[in-house]
$ cat entry.cif   # mmCIF, C-alpha atoms and all ligand atoms
data_start
loop_
_atom_site.group_PDB
_atom_site.id
_atom_site.type_symbol
_atom_site.label_atom_id
_atom_site.label_comp_id
_atom_site.auth_asym_id
_atom_site.auth_seq_id
_atom_site.Cartn_x
_atom_site.Cartn_y
_atom_site.Cartn_z
ATOM 1 C CA MET A 276 -15.626 -22.082 -4.420
ATOM 2 C CA ASP A 277 -17.957 -21.757 -7.380
ATOM 3 C CA ASN A 278 -20.707 -19.635 -5.967
ATOM 4 C CA CYS A 279 -18.600 -17.271 -3.862
ATOM 5 C CA THR A 280 -18.497 -13.569 -4.801
ATOM 6 C CA PHE A 281 -14.989 -13.073 -3.428
ATOM 7 C CA CYS A 282 -13.625 -16.180 -5.194
ATOM 8 C CA LYS A 283 -15.075 -14.689 -8.383
ATOM 9 C CA ILE A 284 -13.269 -11.419 -7.623
ATOM 10 C CA ILE A 285 -10.005 -13.348 -7.117
ATOM 11 C CA LYS A 286 -10.502 -15.137 -10.464
ATOM 12 C CA GLY A 287 -11.299 -11.818 -12.176
ATOM 13 C CA GLU A 288 -14.859 -12.922 -13.038
ATOM 14 C CA ILE A 289 -16.164 -9.927 -11.072
ATOM 15 C CA PRO A 290 -14.181 -6.686 -11.415
ATOM 16 C CA SER A 291 -12.782 -4.945 -8.356
ATOM 17 C CA TYR A 292 -10.767 -1.855 -7.538
ATOM 18 C CA THR A 293 -7.709 -3.762 -6.305
ATOM 19 C CA VAL A 294 -5.147 -1.760 -4.347
ATOM 20 C CA TYR A 295 -2.831 -4.601 -3.317
ATOM 21 C CA GLU A 296 -2.373 -8.226 -4.325
ATOM 22 C CA ASP A 297 0.179 -10.975 -3.822
ATOM 23 C CA GLU A 298 0.152 -14.779 -3.922
ATOM 24 C CA LYS A 299 -1.680 -15.056 -0.593
ATOM 25 C CA VAL A 300 -4.139 -12.137 -0.387
ATOM 26 C CA LYS A 301 -6.083 -9.504 -2.261
ATOM 27 C CA VAL A 302 -7.169 -6.038 -1.095
ATOM 28 C CA PHE A 303 -9.879 -4.054 -2.842
ATOM 29 C CA LEU A 304 -12.393 -1.270 -2.277
ATOM 30 C CA ASP A 305 -15.679 -2.306 -0.670
ATOM 31 C CA ILE A 306 -18.438 -1.768 -3.240
ATOM 32 C CA ASP A 307 -20.640 -0.109 -0.592
ATOM 33 C CA PRO A 308 -18.128 1.829 1.510
ATOM 34 C CA SER A 309 -18.859 3.130 5.007
ATOM 35 C CA THR A 310 -16.205 5.828 4.535
ATOM 36 C CA ASP A 311 -13.771 6.829 1.776
ATOM 37 C CA GLY A 312 -11.120 4.151 1.335
ATOM 38 C CA HIS A 313 -13.093 1.300 2.973
ATOM 39 C CA LEU A 314 -11.034 -1.765 2.043
ATOM 40 C CA LEU A 315 -11.598 -5.508 2.222
ATOM 41 C CA LEU A 316 -8.607 -7.764 2.830
ATOM 42 C CA ILE A 317 -9.204 -11.391 1.833
ATOM 43 C CA PRO A 318 -7.208 -14.622 1.556
ATOM 44 C CA LYS A 319 -6.961 -16.056 -1.958
ATOM 45 C CA GLU A 320 -7.811 -19.503 -0.672
ATOM 46 C CA HIS A 321 -11.505 -19.832 0.180
ATOM 47 C CA LYS A 322 -12.081 -20.015 3.959
ATOM 48 C CA GLU A 323 -15.397 -19.127 5.498
ATOM 49 C CA THR A 324 -14.640 -17.605 8.891
ATOM 50 C CA LEU A 325 -11.814 -16.617 11.213
ATOM 51 C CA PHE A 326 -12.075 -20.057 12.803
ATOM 52 C CA ASP A 327 -11.160 -21.758 9.525
ATOM 53 C CA MET A 328 -8.098 -19.592 8.982
ATOM 54 C CA ASP A 329 -4.511 -20.668 9.335
ATOM 55 C CA ASN A 330 -2.791 -18.726 12.165
ATOM 56 C CA GLU A 331 0.257 -17.958 10.068
ATOM 57 C CA LEU A 332 -1.862 -16.360 7.354
ATOM 58 C CA LEU A 333 -3.775 -14.331 9.937
ATOM 59 C CA THR A 334 -0.485 -13.008 11.265
ATOM 60 C CA TYR A 335 0.606 -12.201 7.726
ATOM 61 C CA MET A 336 -2.619 -10.264 7.138
ATOM 62 C CA LEU A 337 -2.272 -8.240 10.342
ATOM 63 C CA GLN A 338 1.320 -7.449 9.458
ATOM 64 C CA LEU A 339 0.190 -6.320 6.016
ATOM 65 C CA ILE A 340 -2.315 -3.958 7.627
ATOM 66 C CA LYS A 341 0.375 -2.500 9.895
ATOM 67 C CA GLU A 342 3.131 -2.199 7.369
ATOM 68 C CA LYS A 343 1.425 -1.554 4.004
ATOM 69 C CA LEU A 344 -2.278 -0.788 4.145
ATOM 70 C CA TYR A 345 -2.439 1.635 7.054
ATOM 71 C CA PRO A 346 0.576 3.600 5.717
ATOM 72 C CA LEU A 347 -1.066 3.673 2.252
ATOM 73 C CA LEU A 348 -4.369 5.012 3.616
ATOM 74 C CA LYS A 349 -2.580 7.489 5.880
ATOM 75 C CA GLU A 350 -0.334 8.844 3.164
ATOM 76 C CA ARG A 351 -2.825 8.994 0.278
ATOM 77 C CA LEU A 352 -6.152 9.667 2.005
ATOM 78 C CA HIS A 353 -4.879 11.329 5.199
ATOM 79 C CA ILE A 354 -7.046 9.116 7.376
ATOM 80 C CA GLU A 355 -7.274 10.044 11.049
ATOM 81 C CA GLY A 356 -8.125 6.610 12.413
ATOM 82 C CA LEU A 357 -8.696 3.045 11.243
ATOM 83 C CA THR A 358 -11.444 0.698 12.436
ATOM 84 C CA ILE A 359 -10.701 -2.962 11.793
ATOM 85 C CA SER A 360 -13.688 -5.307 11.894
ATOM 86 C CA GLN A 361 -14.637 -8.784 10.838
ATOM 87 C CA ASN A 362 -17.932 -10.705 10.943
ATOM 88 C CA ASN A 363 -18.388 -14.480 11.467
ATOM 89 C CA TYR A 364 -21.652 -16.381 10.814
ATOM 90 C CA LEU A 365 -24.394 -13.963 11.920
ATOM 91 C CA GLY A 366 -23.792 -10.586 10.326
ATOM 92 C CA GLN A 367 -21.507 -12.052 7.677
ATOM 93 C CA ASP A 368 -23.021 -11.482 4.243
ATOM 94 C CA VAL A 369 -20.173 -12.887 2.167
ATOM 95 C CA LYS A 370 -19.088 -16.312 3.412
ATOM 96 C CA HIS A 371 -15.448 -15.863 2.422
ATOM 97 C CA PHE A 372 -13.276 -14.612 5.285
ATOM 98 C CA HIS A 373 -12.608 -10.869 5.041
ATOM 99 C CA ILE A 374 -11.288 -8.076 7.205
ATOM 100 C CA HIS A 375 -12.903 -4.657 6.877
ATOM 101 C CA LEU A 376 -10.517 -1.723 7.055
ATOM 102 C CA THR A 377 -12.699 1.314 7.614
ATOM 103 C CA PRO A 378 -10.857 4.637 7.595
ATOM 104 C CA ARG A 379 -12.060 7.216 10.097
ATOM 105 C CA TYR A 380 -12.074 10.959 9.576
ATOM 106 C CA GLU A 381 -13.023 13.624 12.129
ATOM 107 C CA SER A 382 -15.887 14.651 9.854
ATOM 108 C CA ASP A 383 -17.108 11.215 8.666
ATOM 109 C CA GLY A 384 -20.310 11.187 10.752
ATOM 110 C CA LEU A 385 -20.018 7.394 11.101
ATOM 111 C CA LYS A 386 -22.335 6.135 13.844
ATOM 112 C CA ILE A 387 -22.892 2.532 14.890
ATOM 113 C CA HIS A 388 -26.182 2.084 16.721
ATOM 114 C CA TYR A 389 -26.793 -0.666 19.269
ATOM 115 C CA ASP A 390 -30.194 -1.264 20.882
ATOM 116 C CA LYS A 391 -29.157 -1.792 24.501
ATOM 117 C CA SER A 392 -32.632 -2.047 25.995
ATOM 118 C CA HIS A 393 -32.591 -5.874 26.303
ATOM 119 C CA LEU A 394 -29.059 -6.337 27.656
ATOM 120 C CA SER A 395 -28.357 -8.593 30.645
ATOM 121 C CA LYS A 396 -26.734 -7.324 33.819
ATOM 122 C CA LEU A 397 -22.945 -7.220 33.604
ATOM 123 C CA GLU A 398 -22.682 -9.460 36.698
ATOM 124 C CA ASP A 399 -24.920 -12.153 35.102
ATOM 125 C CA VAL A 400 -22.830 -12.283 31.952
ATOM 126 C CA TYR A 401 -19.632 -12.385 33.976
ATOM 127 C CA GLU A 402 -20.956 -15.368 35.983
ATOM 128 C CA LYS A 403 -21.232 -17.316 32.712
ATOM 129 C CA LEU A 404 -17.832 -16.350 31.388
ATOM 130 C CA LYS A 405 -15.483 -16.537 34.341
HETATM 131 P P1 LIG B 501 -19.899 -8.650 5.628
HETATM 132 O O1 LIG B 501 -21.262 -8.126 5.922
HETATM 133 O O2 LIG B 501 -19.930 -10.039 5.071
HETATM 134 O O3 LIG B 501 -18.937 -8.484 6.757
HETATM 135 O O4 LIG B 501 -19.317 -7.688 4.497
HETATM 136 C C1 LIG B 501 -19.374 -7.972 3.148
HETATM 137 C C2 LIG B 501 -18.903 -6.729 2.415
HETATM 138 O O5 LIG B 501 -18.643 -7.085 1.069
HETATM 139 C C3 LIG B 501 -19.948 -5.615 2.388
HETATM 140 O O6 LIG B 501 -19.394 -4.451 2.978
HETATM 141 C C4 LIG B 501 -20.238 -5.422 0.897
HETATM 142 O O7 LIG B 501 -20.415 -4.069 0.539
HETATM 143 C C5 LIG B 501 -19.024 -6.027 0.233
HETATM 144 N N1 LIG B 501 -19.313 -6.609 -1.074
HETATM 145 C C6 LIG B 501 -20.305 -7.494 -1.372
HETATM 146 N N2 LIG B 501 -20.252 -7.824 -2.676
HETATM 147 C C7 LIG B 501 -19.200 -7.145 -3.201
HETATM 148 C C8 LIG B 501 -18.633 -7.073 -4.525
HETATM 149 O O8 LIG B 501 -19.091 -7.702 -5.481
HETATM 150 N N3 LIG B 501 -17.550 -6.255 -4.669
HETATM 151 C C9 LIG B 501 -17.010 -5.552 -3.648
HETATM 152 N N4 LIG B 501 -15.947 -4.769 -3.918
HETATM 153 N N5 LIG B 501 -17.510 -5.590 -2.400
HETATM 154 C C10 LIG B 501 -18.590 -6.378 -2.188
HETATM 155 ZN ZN ZN B 502 -14.623 -17.686 -1.703
#
$ encode --input "entry.cif" --output "structure tokens"
Amino acid sequence: MDNCTFCKIIKGEIPSYTVYEDEKVKVFLDIDPSTDGHLLLIPKEHKETLFDMDNELLTYMLQLIKEKLYPLLKERLHIEGLTISQNNYLGQDVKHFHIHLTPRYESDGLKIHYDKSHLSKLEDVYEKLK
């Protein structure tokens, strides 16, 4: 995709601090990290969201996290936890599927704030979902 930042990173048109790469995926440091070692894991083929992704490739990516990326972060950066997140549509700035791997450290001070003042009652939401 011509106008996609992550496709440009894959093609080498935009530089990145790449920590792992193979024929299917690329893993590099987020340019604006939430914590030290914040990685982005992306497919080389342009897909916009999770819902466009092939299940086999998703499995491959999760396996990569378990077997390569978490051990790498644990061994080299001594991370104490790992938050895995992924935005689709709203909240997704880059429209090329990516998984955030955000290392956690006891002292990282990372706080995610939600405004809960307008939330519906749990029972009302459950009525719609069950
Ligand atoms: P989103 O909000 O789409 O889930 O996350 C996009 C992420 O991509 C952000 O954390 C942002 O810092 C990162 N990002 C955006 N542009 C670039 C770039 O050119 N290089 C790198 N390494 N990360 C980028
Ligand atoms: Zn792309």
$ closest_atom_pairs --input "entry.cif" --of "chain A" --to "ligand LIG 501 (chain B)" --cutoff "6 Å" --atoms "all atoms listed in the file" --output "tab-separated table"
residue	atom	partner	partner_atom	distance
A:Thr280	CA	B:LIG501	O8	5.9
A:Ser291	CA	B:LIG501	N4	5.5
A:Leu304	CA	B:LIG501	N4	5.3
A:Asp305	CA	B:LIG501	N4	4.1
A:Ile306	CA	B:LIG501	N4	4.0
A:Asp307	CA	B:LIG501	O7	4.1
A:Gln361	CA	B:LIG501	O3	5.9
A:Asn362	CA	B:LIG501	O3	4.8
A:Gly366	CA	B:LIG501	O1	5.6
A:Gln367	CA	B:LIG501	O2	3.7
A:Asp368	CA	B:LIG501	O2	3.5
A:Val369	CA	B:LIG501	O2	4.1
$ write_last_selection --input "entry.cif" --atoms "C-alpha atoms" --output "short mmCIF file (atom, residue, chain, number, x, y, z; two decimals), in the frame of the given file"
data_model
loop_
_atom_site.label_atom_id
_atom_site.label_comp_id
_atom_site.auth_asym_id
_atom_site.auth_seq_id
_atom_site.Cartn_x
_atom_site.Cartn_y
_atom_site.Cartn_z
CA THR A 280 -18.50 -13.57 -4.80
CA SER A 291 -12.78 -4.94 -8.36
CA LEU A 304 -12.39 -1.27 -2.28
CA ASP A 305 -15.68 -2.31 -0.67
CA ILE A 306 -18.44 -1.77 -3.24
CA ASP A 307 -20.64 -0.11 -0.59
CA GLN A 361 -14.64 -8.78 10.84
CA ASN A 362 -17.93 -10.70 10.94
CA GLY A 366 -23.79 -10.59 10.33
CA GLN A 367 -21.51 -12.05 7.68
CA ASP A 368 -23.02 -11.48 4.24
CA VAL A 369 -20.17 -12.89 2.17
#
$ residues_near_ligand --input "entry.cif" --ligand "ligand ZN 502 (chain B)" --cutoff "8 Å" --atoms "all atoms listed in the file" --output "list in words"
Met276, Asp277, Asn278, Cys279, Thr280, Phe281, Cys282, Lys283, Lys319, Glu320, His321, Lys322, Glu323, Lys370, His371 and Phe372 of chain A
$ write_last_selection --input "entry.cif" --atoms "C-alpha atoms" --output "mmCIF file, in the frame of the given file"
data_model
loop_
_atom_site.group_PDB
_atom_site.id
_atom_site.type_symbol
_atom_site.label_atom_id
_atom_site.label_comp_id
_atom_site.auth_asym_id
_atom_site.auth_seq_id
_atom_site.Cartn_x
_atom_site.Cartn_y
_atom_site.Cartn_z
ATOM 1 C CA MET A 276 -15.626 -22.082 -4.420
ATOM 2 C CA ASP A 277 -17.957 -21.757 -7.380
ATOM 3 C CA ASN A 278 -20.707 -19.635 -5.967
ATOM 4 C CA CYS A 279 -18.600 -17.271 -3.862
ATOM 5 C CA THR A 280 -18.497 -13.569 -4.801
ATOM 6 C CA PHE A 281 -14.989 -13.073 -3.428
ATOM 7 C CA CYS A 282 -13.625 -16.180 -5.194
ATOM 8 C CA LYS A 283 -15.075 -14.689 -8.383
ATOM 9 C CA LYS A 319 -6.961 -16.056 -1.958
ATOM 10 C CA GLU A 320 -7.811 -19.503 -0.672
ATOM 11 C CA HIS A 321 -11.505 -19.832 0.180
ATOM 12 C CA LYS A 322 -12.081 -20.015 3.959
ATOM 13 C CA GLU A 323 -15.397 -19.127 5.498
ATOM 14 C CA LYS A 370 -19.088 -16.312 3.412
ATOM 15 C CA HIS A 371 -15.448 -15.863 2.422
ATOM 16 C CA PHE A 372 -13.276 -14.612 5.285
#
$ closest_residue --input "entry.cif" --among "A:Glu350, A:Glu355, A:Glu298, A:Asp399" --to "Leu332 (chain A)" --atoms "all atoms listed in the file"
A:Glu298
$ axis_aligned_box --input "entry.cif" --around "region 288-294 of chain A" --padding-each-side "8 Å" --output "lines of an AutoDock Vina configuration file"
center_x = -10.7
center_y = -7.3
center_z = -8.7
size_x = 27.0
size_y = 27.2
size_z = 24.7
$ closest_residue --input "entry.cif" --among "A:Glu342, A:Asp311, A:Asp383, A:Asp329" --to "Lys299 (chain A)" --atoms "only C-alpha atoms"
A:Asp329
$ atom_distance --input "entry.cif" --atom1 "CA of Phe303 (chain A)" --atom2 "CA of Leu315 (chain A)"
5.5 Å
$ resolve_selection --input "entry.cif" --expression "the PyMOL selection byres (((chain A and resi 358) around 12) and not hetatm)" --output "VMD selection string"
chain A and resid 309 to 310 312 to 315 340 345 354 to 357 359 to 361 374 to 380 385 387
$ atom_distance --input "entry.cif" --atom1 "CA of Pro308 (chain A)" --atom2 "CA of Tyr292 (chain A)"
12.2 Å
$ atom_distance --input "entry.cif" --atom1 "CA of Leu316 (chain A)" --atom2 "CA of Lys301 (chain A)"
5.9 Å
$ resolve_selection --input "entry.cif" --expression "the PyMOL selection byres (((chain A and resi 325) around 7) and not hetatm)" --output "MDAnalysis selection string"
chainID A and resid 324 326:328 363 372
$ write_last_selection --input "entry.cif" --atoms "C-alpha atoms" --output "PDB file, keeping the file's coordinate frame"
ATOM      1  CA  THR A 324     -14.640 -17.605   8.891  1.00  0.00           C
ATOM      2  CA  PHE A 326     -12.075 -20.057  12.803  1.00  0.00           C
ATOM      3  CA  ASP A 327     -11.160 -21.758   9.525  1.00  0.00           C
ATOM      4  CA  MET A 328      -8.098 -19.592   8.982  1.00  0.00           C
ATOM      5  CA  ASN A 363     -18.388 -14.480  11.467  1.00  0.00           C
ATOM      6  CA  PHE A 372     -13.276 -14.612   5.285  1.00  0.00           C
TER       7      PHE A 372
END
$ closest_residue --input "entry.cif" --among "A:Val302, A:Ile289, A:Ile284, A:Leu339" --to "His373 (chain A)" --atoms "only C-alpha atoms"
A:Val302
$ closest_residue --input "entry.cif" --among "A:Lys349, A:Tyr364, A:Tyr295, A:Leu394" --to "Met336 (chain A)" --atoms "only C-alpha atoms"
A:Tyr295
$ closest_residue --input "entry.cif" --among "A:Glu331, A:Lys343, A:Leu404, A:Ile285" --to "Ile317 (chain A)" --atoms "only C-alpha atoms"
A:Ile285
